[in-house]
Every structure is written in C-alpha cells, then in structure tokens.
$ cat entry24.csv   # CSV, C-alpha atoms
chain,number,residue,atom,x,y,z
A,81,MET,CA,0.0,0.0,0.0
A,82,ILE,CA,1.4,3.4,-1.0
A,83,GLN,CA,2.1,5.6,1.9
A,84,ALA,CA,4.2,8.4,0.2
A,85,VAL,CA,4.8,10.0,-3.2
A,86,LEU,CA,8.2,11.5,-3.7
A,87,PHE,CA,9.0,13.9,-6.5
A,88,ASP,CA,11.8,15.3,-8.5
A,89,LEU,CA,11.6,19.1,-8.8
A,90,ASP,CA,12.7,20.6,-12.1
A,91,GLY,CA,10.6,19.2,-14.9
A,92,THR,CA,8.4,17.2,-12.6
A,93,LEU,CA,6.8,19.6,-10.1
A,94,LEU,CA,8.0,22.8,-11.5
A,95,ASP,CA,8.5,24.2,-15.0
A,96,THR,CA,11.7,26.1,-14.4
A,97,SER,CA,12.8,26.1,-18.1
A,98,ASP,CA,12.3,29.8,-18.8
A,99,ASP,CA,14.3,31.0,-15.8
A,100,LEU,CA,17.1,28.5,-16.4
A,101,GLY,CA,17.1,29.3,-20.1
A,102,ALA,CA,17.2,33.1,-19.2
A,103,ALA,CA,20.3,32.4,-17.1
A,104,LEU,CA,22.0,30.5,-20.0
A,105,ASN,CA,21.1,33.2,-22.5
A,106,HIS,CA,22.5,35.9,-20.1
A,107,VAL,CA,25.8,34.1,-20.2
A,108,LEU,CA,25.7,33.5,-23.9
A,109,THR,CA,25.0,37.2,-24.5
A,110,ALA,CA,27.8,38.3,-22.1
A,111,ASN,CA,30.2,36.2,-24.2
A,112,LYS,CA,28.9,37.5,-27.6
A,113,MET,CA,27.3,34.2,-28.5
A,114,PRO,CA,23.8,33.8,-30.0
A,115,THR,CA,21.0,33.0,-27.6
A,116,VAL,CA,19.0,29.8,-27.9
A,117,GLY,CA,15.2,29.2,-27.8
A,118,LYS,CA,13.1,27.1,-25.4
A,119,GLN,CA,13.0,24.2,-27.7
A,120,VAL,CA,16.8,24.0,-27.5
A,121,TYR,CA,17.5,24.6,-23.8
A,122,SER,CA,14.5,22.7,-22.4
A,123,SER,CA,15.9,19.3,-23.4
A,124,ALA,CA,19.1,20.0,-21.6
A,125,ILE,CA,17.8,21.3,-18.3
A,126,SER,CA,17.3,18.0,-16.5
A,127,ASN,CA,21.0,17.2,-17.1
A,128,GLY,CA,22.3,20.3,-15.3
A,129,VAL,CA,24.2,23.4,-16.1
A,130,ALA,CA,27.0,21.5,-17.9
A,131,ALA,CA,24.6,20.1,-20.4
A,132,MET,CA,23.0,23.6,-20.9
A,133,LEU,CA,26.4,25.1,-21.6
A,134,GLN,CA,27.2,22.4,-24.1
A,135,ILE,CA,23.9,22.9,-26.0
A,136,GLY,CA,24.3,26.7,-25.8
A,137,PHE,CA,28.0,27.0,-26.8
A,138,GLY,CA,28.3,23.9,-28.9
A,139,GLU,CA,31.8,23.4,-30.3
A,140,SER,CA,32.9,26.8,-29.1
A,141,LEU,CA,32.7,25.7,-25.4
A,142,LYS,CA,36.2,24.3,-25.6
A,143,HIS,CA,37.5,27.9,-25.9
A,144,TYR,CA,36.0,29.0,-22.6
A,145,ASP,CA,36.6,28.4,-18.9
A,146,THR,CA,33.5,26.2,-18.1
A,147,LYS,CA,33.9,26.9,-14.4
A,148,VAL,CA,33.5,30.6,-15.0
A,149,LEU,CA,30.6,30.1,-17.3
A,150,ARG,CA,28.8,27.8,-14.9
A,151,GLN,CA,29.2,30.3,-12.1
A,152,GLY,CA,27.8,33.0,-14.3
A,153,VAL,CA,24.7,30.9,-15.0
A,154,LEU,CA,24.2,30.1,-11.3
A,155,ASP,CA,24.7,33.7,-10.2
A,156,TYR,CA,22.1,35.0,-12.6
A,157,TYR,CA,19.7,32.2,-11.8
A,158,LEU,CA,20.0,32.7,-8.0
A,159,GLU,CA,18.9,36.4,-8.5
A,160,ASN,CA,16.0,35.4,-10.8
A,161,LEU,CA,14.7,32.1,-9.4
A,162,SER,CA,11.0,32.4,-10.0
A,163,VAL,CA,10.4,35.1,-12.5
A,164,HIS,CA,8.7,32.6,-14.8
A,165,SER,CA,8.8,29.3,-12.9
A,166,GLN,CA,5.5,27.8,-11.9
A,167,CYS,CA,4.0,24.4,-11.1
A,168,PHE,CA,2.9,22.3,-14.1
A,169,ALA,CA,-0.8,22.1,-14.6
A,170,GLN,CA,-2.6,19.8,-12.1
A,171,ILE,CA,0.3,19.7,-9.6
A,172,GLY,CA,-1.5,21.8,-7.0
A,173,GLU,CA,-4.6,19.6,-7.4
A,174,LEU,CA,-2.5,16.5,-7.1
A,175,LEU,CA,-0.8,17.7,-3.9
A,176,ALA,CA,-4.2,18.6,-2.4
A,177,ALA,CA,-5.6,15.2,-3.2
A,178,LEU,CA,-2.6,13.4,-1.7
A,179,LEU,CA,-3.0,15.5,1.5
A,180,GLU,CA,-6.7,14.5,1.6
A,181,LYS,CA,-5.8,10.9,1.2
A,182,GLU,CA,-3.2,11.2,4.0
A,183,ILE,CA,-0.4,10.2,1.6
A,184,GLN,CA,2.9,11.8,2.5
A,185,VAL,CA,4.9,13.9,0.1
A,186,GLY,CA,8.6,14.5,-0.2
A,187,ILE,CA,11.0,16.1,-2.7
A,188,MET,CA,14.4,14.7,-3.9
A,189,THR,CA,16.2,16.9,-6.4
A,190,ASN,CA,19.7,17.0,-7.6
A,191,LYS,CA,19.4,20.7,-7.5
A,192,PRO,CA,21.7,22.1,-4.8
A,193,GLU,CA,20.3,23.3,-1.5
A,194,PHE,CA,21.2,27.0,-2.0
A,195,LEU,CA,19.0,27.1,-5.0
A,196,THR,CA,16.3,24.6,-4.0
A,197,LEU,CA,15.2,26.0,-0.6
A,198,PRO,CA,14.8,29.6,-1.7
A,199,LEU,CA,12.9,28.6,-4.8
A,200,LEU,CA,10.4,26.4,-2.9
A,201,LYS,CA,9.6,29.3,-0.6
A,202,GLN,CA,8.6,31.3,-3.6
A,203,ILE,CA,6.2,28.7,-5.0
A,204,PRO,CA,3.0,28.7,-2.9
A,205,GLU,CA,2.0,25.1,-3.9
A,206,LEU,CA,5.3,23.8,-2.7
A,207,ALA,CA,6.3,26.0,0.2
A,208,LYS,CA,4.8,23.8,2.8
A,209,ILE,CA,6.5,20.6,1.8
A,210,GLU,CA,8.9,19.9,4.7
A,211,THR,CA,10.8,16.9,3.6
A,212,VAL,CA,13.3,17.9,1.0
A,213,VAL,CA,16.6,16.3,0.1
A,214,CYS,CA,18.9,18.1,-2.3
A,215,GLY,CA,21.7,17.1,-4.6
A,216,ASP,CA,24.3,18.1,-2.1
A,217,THR,CA,22.5,16.9,1.1
A,218,LEU,CA,24.6,13.7,1.0
A,219,ALA,CA,27.9,12.9,-0.7
A,220,VAL,CA,26.0,11.1,-3.5
A,221,ALA,CA,23.1,12.2,-5.7
A,222,LYS,CA,20.8,10.5,-8.2
A,223,PRO,CA,21.1,8.0,-9.8
A,224,HIS,CA,22.4,6.7,-6.4
A,225,PRO,CA,19.5,5.5,-4.4
A,226,GLU,CA,20.7,6.8,-1.0
A,227,PRO,CA,19.0,10.3,-1.2
A,228,LEU,CA,15.7,8.7,-2.0
A,229,LEU,CA,16.1,6.3,0.9
A,230,LEU,CA,16.8,9.3,3.1
A,231,VAL,CA,13.5,10.9,2.1
A,232,ALA,CA,11.6,7.7,2.9
A,233,SER,CA,13.4,7.5,6.3
A,234,LYS,CA,12.5,11.1,7.1
A,235,LEU,CA,8.9,10.4,6.3
A,236,GLY,CA,8.9,7.2,8.4
A,237,VAL,CA,7.9,4.9,5.5
A,238,SER,CA,9.5,1.9,3.8
A,239,PRO,CA,10.9,2.4,0.3
A,240,GLU,CA,8.4,-0.2,-1.0
A,241,GLN,CA,5.6,2.0,0.1
A,242,CYS,CA,6.8,4.9,-2.1
A,243,ILE,CA,6.3,6.1,-5.6
A,244,TYR,CA,9.1,8.3,-7.0
A,245,VAL,CA,8.1,10.5,-9.9
A,246,GLY,CA,10.7,12.1,-12.2
A,247,ASP,CA,11.4,13.1,-15.7
A,248,ALA,CA,14.9,11.8,-16.3
A,249,GLU,CA,16.5,8.4,-16.6
A,250,ARG,CA,18.5,9.0,-13.4
A,251,ASP,CA,15.2,9.3,-11.5
A,252,ILE,CA,14.0,5.9,-12.7
A,253,ILE,CA,17.4,4.2,-12.0
A,254,ALA,CA,17.5,5.7,-8.5
A,255,ALA,CA,13.9,4.7,-7.8
A,256,LYS,CA,14.5,1.1,-8.9
A,257,SER,CA,17.7,0.9,-7.0
A,258,ALA,CA,15.9,2.1,-3.9
A,259,LYS,CA,13.1,-0.5,-4.4
A,260,MET,CA,10.5,2.2,-4.9
A,261,ILE,CA,7.9,2.3,-7.7
A,262,SER,CA,9.4,4.3,-10.5
A,263,ALA,CA,7.2,6.7,-12.4
A,264,ALA,CA,8.1,8.7,-15.4
A,265,ALA,CA,6.6,12.2,-15.6
A,266,MET,CA,5.8,12.4,-19.3
A,267,TRP,CA,4.6,16.0,-19.0
A,268,GLY,CA,8.2,17.0,-17.9
A,269,PHE,CA,11.5,17.7,-19.6
A,270,ILE,CA,11.8,14.3,-21.1
A,271,PRO,CA,14.1,14.1,-24.2
A,272,SER,CA,11.4,12.2,-26.2
A,273,GLU,CA,8.7,9.7,-25.6
A,274,ALA,CA,10.7,7.0,-27.3
A,275,GLU,CA,13.7,7.6,-25.1
A,276,ALA,CA,11.6,7.7,-22.0
A,277,LYS,CA,10.1,4.4,-22.8
A,278,SER,CA,13.6,2.9,-23.0
A,279,TRP,CA,14.0,3.6,-19.2
A,280,TYR,CA,11.5,0.9,-18.4
A,281,ALA,CA,9.8,2.8,-15.6
A,282,ASP,CA,7.2,0.9,-13.6
A,283,LEU,CA,4.7,3.7,-14.5
A,284,TYR,CA,4.3,6.2,-17.3
A,285,LEU,CA,2.2,9.1,-16.1
A,286,THR,CA,0.7,11.2,-18.9
A,287,ASN,CA,-0.3,13.9,-16.4
A,288,PRO,CA,0.1,14.5,-12.7
A,289,LEU,CA,-3.4,13.4,-11.7
A,290,ASP,CA,-2.6,9.9,-13.2
A,291,THR,CA,-0.6,9.4,-10.1
A,292,LEU,CA,-3.8,9.0,-8.0
A,293,SER,CA,-4.9,5.9,-10.0
A,294,HIS,CA,-1.8,4.0,-8.6
A,295,ILE,CA,-2.5,4.7,-4.9

$ encode --input "entry24.csv" --output "structure tokens"
Amino acid sequence: MIQAVLFDLDGTLLDTSDDLGAALNHVLTANKMPTVGKQVYSSAISNGVAAMLQIGFGESLKHYDTKVLRQGVLDYYLENLSVHSQCFAQIGELLAALLEKEIQVGIMTNKPEFLTLPLLKQIPELAKIETVVCGDTLAVAKPHPEPLLLVASKLGVSPEQCIYVGDAERDIIAAKSAKMISAAAMWGFIPSEAEAKSWYADLYLTNPLDTLSHI
C-alpha cells in the first residue's frame, strides 16, 4: 500500500525552463554568443548546467573556462529564481488530493540546496513541503538511491511504500535501486517519448493526476 509519493523538482513539479534558459542566455549574450530558444534549452535542463552550456555554446565551449561560465549561470539564476517558474498544470490539485488521502509527500532533487530551498519558498503550492533532500545533502546524488532512501526515512515509510516521480533516466534508475515504484513524468522535460520508454519505468504518467490511480 502506497504511503508516500516523492517527486523530482525541475521538470516534474516545476516548469523552471524559462528561468534557467534566461540564465543560460544571459551568459551567452555576455560572451557575444547567439541566444537559444526554449525548444533548445528545455531538453538539456534535466542534465544540469554543464549540459545547458554544451547545448548553448556547442563546439565553441572548448575555448571557454567552463567553471567561469557555470558560475555565471548560477549567479544570474539565483537572482532570478522564480520570474517565470511555476508548477505544471494539475500539480496543485494532485498535492491537495494526496493530502486529503493522508499520503505523505517529499522532494528529492539533484538541484543544490542553496537554489532549492529559496525557490520552494517562492512557489505557494510547494512552500509547505517539509521533507526535502537536495543534490548536495549527501555525498551522493541520483542516480544513487541513497538520497531517496533518506527521504523515505525522514517520512517514516518503507521504500516499497513509495512512488518516485521524475522526468529523467537517473530518476528511474534511483527509484528502482531504492526498491521504490518508479514513475516517469511524461509532462516534464523528457528528451522524447521514445527515449523515456527505454528507461522501463514501472509507471508512465501522462499527467500529474494519473498518479492517483496508482495509490
């Protein structure tokens, strides 16, 4: 019996693409490089800043100090965390339904704590979620299962009683390794439906409310 639903953050609960894309484009502009559109940067967001820089700078990236570029993206993003970011449609409704069913909720994101916690405070639907484990909470992050197991421990539930919902292959790997039910958020920043199917998640959710049919 499911006792908790755990979520990834970017691309699962929150559409952060435009704020992260703005940070990338700020750095591109500062380095006299052409900016990129949402259809370009969205596919890279779940893989972190390094992937965003690669897709933005392309072959030119080898001529730059990537540490400096990465810091530029993070500095701009920290100052503009929630200009455009908002929950995906039905997320608020899903969280309310889980609360009504007395199903616990937690977040496990590879996003670092210094970005995650201030962002959550700025999103009304997510601000009251207390159990949050970030990419730098432990010495390991997804696809390692340990951060997911920590969330389950904090909630006082066994891993087998949890569904973990995410939009990247590392989410599915981590969930399976933690003995949780893995669920692919098909509304999120998935690279393509075909690639997502190759992850062999236990569940493929077409929209957030689909989660409720598995509880």

$ closest_atom_pairs --input "entry24.csv" --of "stretch 120-181 of chain A" --to "stretch 270-283 of chain A" --cutoff "10 Å" --atoms "all atoms listed in the file" --output "tab-separated table"
residue	atom	partner	partner_atom	distance
A:Ser122	CA	A:Pro271	CA	8.8
A:Ser123	CA	A:Pro271	CA	5.6
A:Ala124	CA	A:Pro271	CA	8.2
A:Ile125	CA	A:Ile270	CA	9.6
A:Ser126	CA	A:Ile270	CA	8.1

$ closest_atom_pairs --input "entry24.csv" --of "stretch 116-197 of chain A" --to "stretch 247-266 of chain A" --cutoff "10 Å" --atoms "only C-alpha atoms" --output "JSON lines"
{"residue": "A:Ser126", "atom": "CA", "partner": "A:Ala248", "partner_atom": "CA", "distance": 6.7}
{"residue": "A:Asn127", "atom": "CA", "partner": "A:Ala248", "partner_atom": "CA", "distance": 8.2}
{"residue": "A:Met188", "atom": "CA", "partner": "A:Asp251", "partner_atom": "CA", "distance": 9.4}
{"residue": "A:Thr189", "atom": "CA", "partner": "A:Asp251", "partner_atom": "CA", "distance": 9.2}
{"residue": "A:Asn190", "atom": "CA", "partner": "A:Asp251", "partner_atom": "CA", "distance": 9.7}

$ residues_around --input "entry24.csv" --residues "A:Leu195" --least-positions-apart "5" --cutoff "10 Å" --atoms "all atoms listed in the file" --output "MDAnalysis selection string"
chainID A and resid 154 157:159 161 200 214

$ residues_around --input "entry24.csv" --residues "stretch 130-139 of chain A" --least-positions-apart "2" --cutoff "10 Å" --atoms "only C-alpha atoms" --output "VMD selection string"
chain A and resid 100 to 101 103 to 105 107 to 108 111 113 to 117 120 to 128 141 to 144 146 to 147 149 to 150 153

$ atom_distance --input "entry24.csv" --atom1 "atom CA of A:Glu240" --atom2 "atom CA of A:Leu199"
29.4 Å

$ residues_around --input "entry24.csv" --residues "A:Leu235" --least-positions-apart "6" --cutoff "9 Å" --atoms "all atoms listed in the file" --output "ChimeraX atom specification"
/A:84,184-186,211

$ atom_distance --input "entry24.csv" --atom1 "atom CA of A:Ile171" --atom2 "atom CA of A:Leu289"
7.6 Å

$ closest_residue --input "entry24.csv" --among "A:Asp88, A:Met81, A:Leu285, A:Gln166" --to "A:Val231" --atoms "only C-alpha atoms"
A:Asp88

$ atom_distance --input "entry24.csv" --atom1 "atom CA of A:Val129" --atom2 "atom CA of A:Gln151"
9.4 Å

$ residues_around --input "entry24.csv" --residues "A:Ala176" --least-positions-apart "6" --cutoff "12 Å" --atoms "all atoms listed in the file" --output "mmCIF file with C-alpha atoms, in the frame of the given file"
data_model
loop_
_atom_site.group_PDB
_atom_site.id
_atom_site.type_symbol
_atom_site.label_atom_id
_atom_site.label_comp_id
_atom_site.auth_asym_id
_atom_site.auth_seq_id
_atom_site.Cartn_x
_atom_site.Cartn_y
_atom_site.Cartn_z
ATOM 1 C CA GLN A 170 -2.600 19.800 -12.100
ATOM 2 C CA GLU A 182 -3.200 11.200 4.000
ATOM 3 C CA ILE A 183 -0.400 10.200 1.600
ATOM 4 C CA GLN A 184 2.900 11.800 2.500
ATOM 5 C CA VAL A 185 4.900 13.900 0.100
ATOM 6 C CA GLU A 205 2.000 25.100 -3.900
ATOM 7 C CA LEU A 206 5.300 23.800 -2.700
ATOM 8 C CA LYS A 208 4.800 23.800 2.800
ATOM 9 C CA ILE A 209 6.500 20.600 1.800
ATOM 10 C CA PRO A 288 0.100 14.500 -12.700
ATOM 11 C CA LEU A 289 -3.400 13.400 -11.700
ATOM 12 C CA LEU A 292 -3.800 9.000 -8.000
#

$ closest_residue --input "entry24.csv" --among "A:Leu178, A:Val148, A:Ala169, A:Leu229" --to "A:Ser293" --atoms "all atoms listed in the file"
A:Leu178

$ build_atoms --input "entry24.csv" --residues "stretch 150-163 of chain A" --atoms "N, CA, C and O atoms" --output "PDB file, in the frame of the given file"
ATOM      1  N   ARG A 150      29.795  28.410 -15.776  1.00  0.00           N
ATOM      2  CA  ARG A 150      28.800  27.800 -14.900  1.00  0.00           C
ATOM      3  C   ARG A 150      28.475  28.718 -13.739  1.00  0.00           C
ATOM      4  O   ARG A 150      27.294  28.852 -13.388  1.00  0.00           O
ATOM      5  N   GLN A 151      29.482  29.379 -13.167  1.00  0.00           N
ATOM      6  CA  GLN A 151      29.200  30.300 -12.100  1.00  0.00           C
ATOM      7  C   GLN A 151      28.359  31.469 -12.545  1.00  0.00           C
ATOM      8  O   GLN A 151      27.491  31.965 -11.809  1.00  0.00           O
ATOM      9  N   GLY A 152      28.579  31.902 -13.779  1.00  0.00           N
ATOM     10  CA  GLY A 152      27.800  33.000 -14.300  1.00  0.00           C
ATOM     11  C   GLY A 152      26.308  32.603 -14.455  1.00  0.00           C
ATOM     12  O   GLY A 152      25.416  33.401 -14.131  1.00  0.00           O
ATOM     13  N   VAL A 153      26.058  31.366 -14.897  1.00  0.00           N
ATOM     14  CA  VAL A 153      24.700  30.900 -15.000  1.00  0.00           C
ATOM     15  C   VAL A 153      24.048  30.806 -13.601  1.00  0.00           C
ATOM     16  O   VAL A 153      22.918  31.275 -13.393  1.00  0.00           O
ATOM     17  N   LEU A 154      24.777  30.246 -12.634  1.00  0.00           N
ATOM     18  CA  LEU A 154      24.200  30.100 -11.300  1.00  0.00           C
ATOM     19  C   LEU A 154      23.981  31.434 -10.615  1.00  0.00           C
ATOM     20  O   LEU A 154      22.961  31.615  -9.935  1.00  0.00           O
ATOM     21  N   ASP A 155      24.902  32.383 -10.787  1.00  0.00           N
ATOM     22  CA  ASP A 155      24.700  33.700 -10.200  1.00  0.00           C
ATOM     23  C   ASP A 155      23.479  34.397 -10.697  1.00  0.00           C
ATOM     24  O   ASP A 155      22.689  34.966  -9.917  1.00  0.00           O
ATOM     25  N   TYR A 156      23.292  34.353 -12.006  1.00  0.00           N
ATOM     26  CA  TYR A 156      22.100  35.000 -12.600  1.00  0.00           C
ATOM     27  C   TYR A 156      20.839  34.284 -12.160  1.00  0.00           C
ATOM     28  O   TYR A 156      19.839  34.929 -11.809  1.00  0.00           O
ATOM     29  N   TYR A 157      20.886  32.961 -12.168  1.00  0.00           N
ATOM     30  CA  TYR A 157      19.700  32.200 -11.800  1.00  0.00           C
ATOM     31  C   TYR A 157      19.301  32.423 -10.352  1.00  0.00           C
ATOM     32  O   TYR A 157      18.109  32.581 -10.043  1.00  0.00           O
ATOM     33  N   LEU A 158      20.276  32.494  -9.459  1.00  0.00           N
ATOM     34  CA  LEU A 158      20.000  32.700  -8.000  1.00  0.00           C
ATOM     35  C   LEU A 158      19.250  34.049  -7.836  1.00  0.00           C
ATOM     36  O   LEU A 158      18.384  34.163  -6.961  1.00  0.00           O
ATOM     37  N   GLU A 159      19.581  35.037  -8.644  1.00  0.00           N
ATOM     38  CA  GLU A 159      18.900  36.400  -8.500  1.00  0.00           C
ATOM     39  C   GLU A 159      17.582  36.401  -9.222  1.00  0.00           C
ATOM     40  O   GLU A 159      16.830  37.366  -9.051  1.00  0.00           O
ATOM     41  N   ASN A 160      17.258  35.367 -10.006  1.00  0.00           N
ATOM     42  CA  ASN A 160      16.000  35.400 -10.800  1.00  0.00           C
ATOM     43  C   ASN A 160      15.349  33.989 -10.750  1.00  0.00           C
ATOM     44  O   ASN A 160      14.966  33.438 -11.777  1.00  0.00           O
ATOM     45  N   LEU A 161      15.181  33.457  -9.539  1.00  0.00           N
ATOM     46  CA  LEU A 161      14.700  32.100  -9.400  1.00  0.00           C
ATOM     47  C   LEU A 161      13.325  31.801  -9.884  1.00  0.00           C
ATOM     48  O   LEU A 161      13.068  30.729 -10.440  1.00  0.00           O
ATOM     49  N   SER A 162      12.423  32.708  -9.678  1.00  0.00           N
ATOM     50  CA  SER A 162      11.000  32.400 -10.000  1.00  0.00           C
ATOM     51  C   SER A 162      10.317  33.499 -10.755  1.00  0.00           C
ATOM     52  O   SER A 162       9.150  33.796 -10.518  1.00  0.00           O
ATOM     53  N   VAL A 163      11.031  34.102 -11.686  1.00  0.00           N
ATOM     54  CA  VAL A 163      10.400  35.100 -12.500  1.00  0.00           C
ATOM     55  C   VAL A 163       9.314  34.484 -13.389  1.00  0.00           C
ATOM     56  O   VAL A 163       8.207  35.011 -13.535  1.00  0.00           O
TER      57      VAL A 163
END
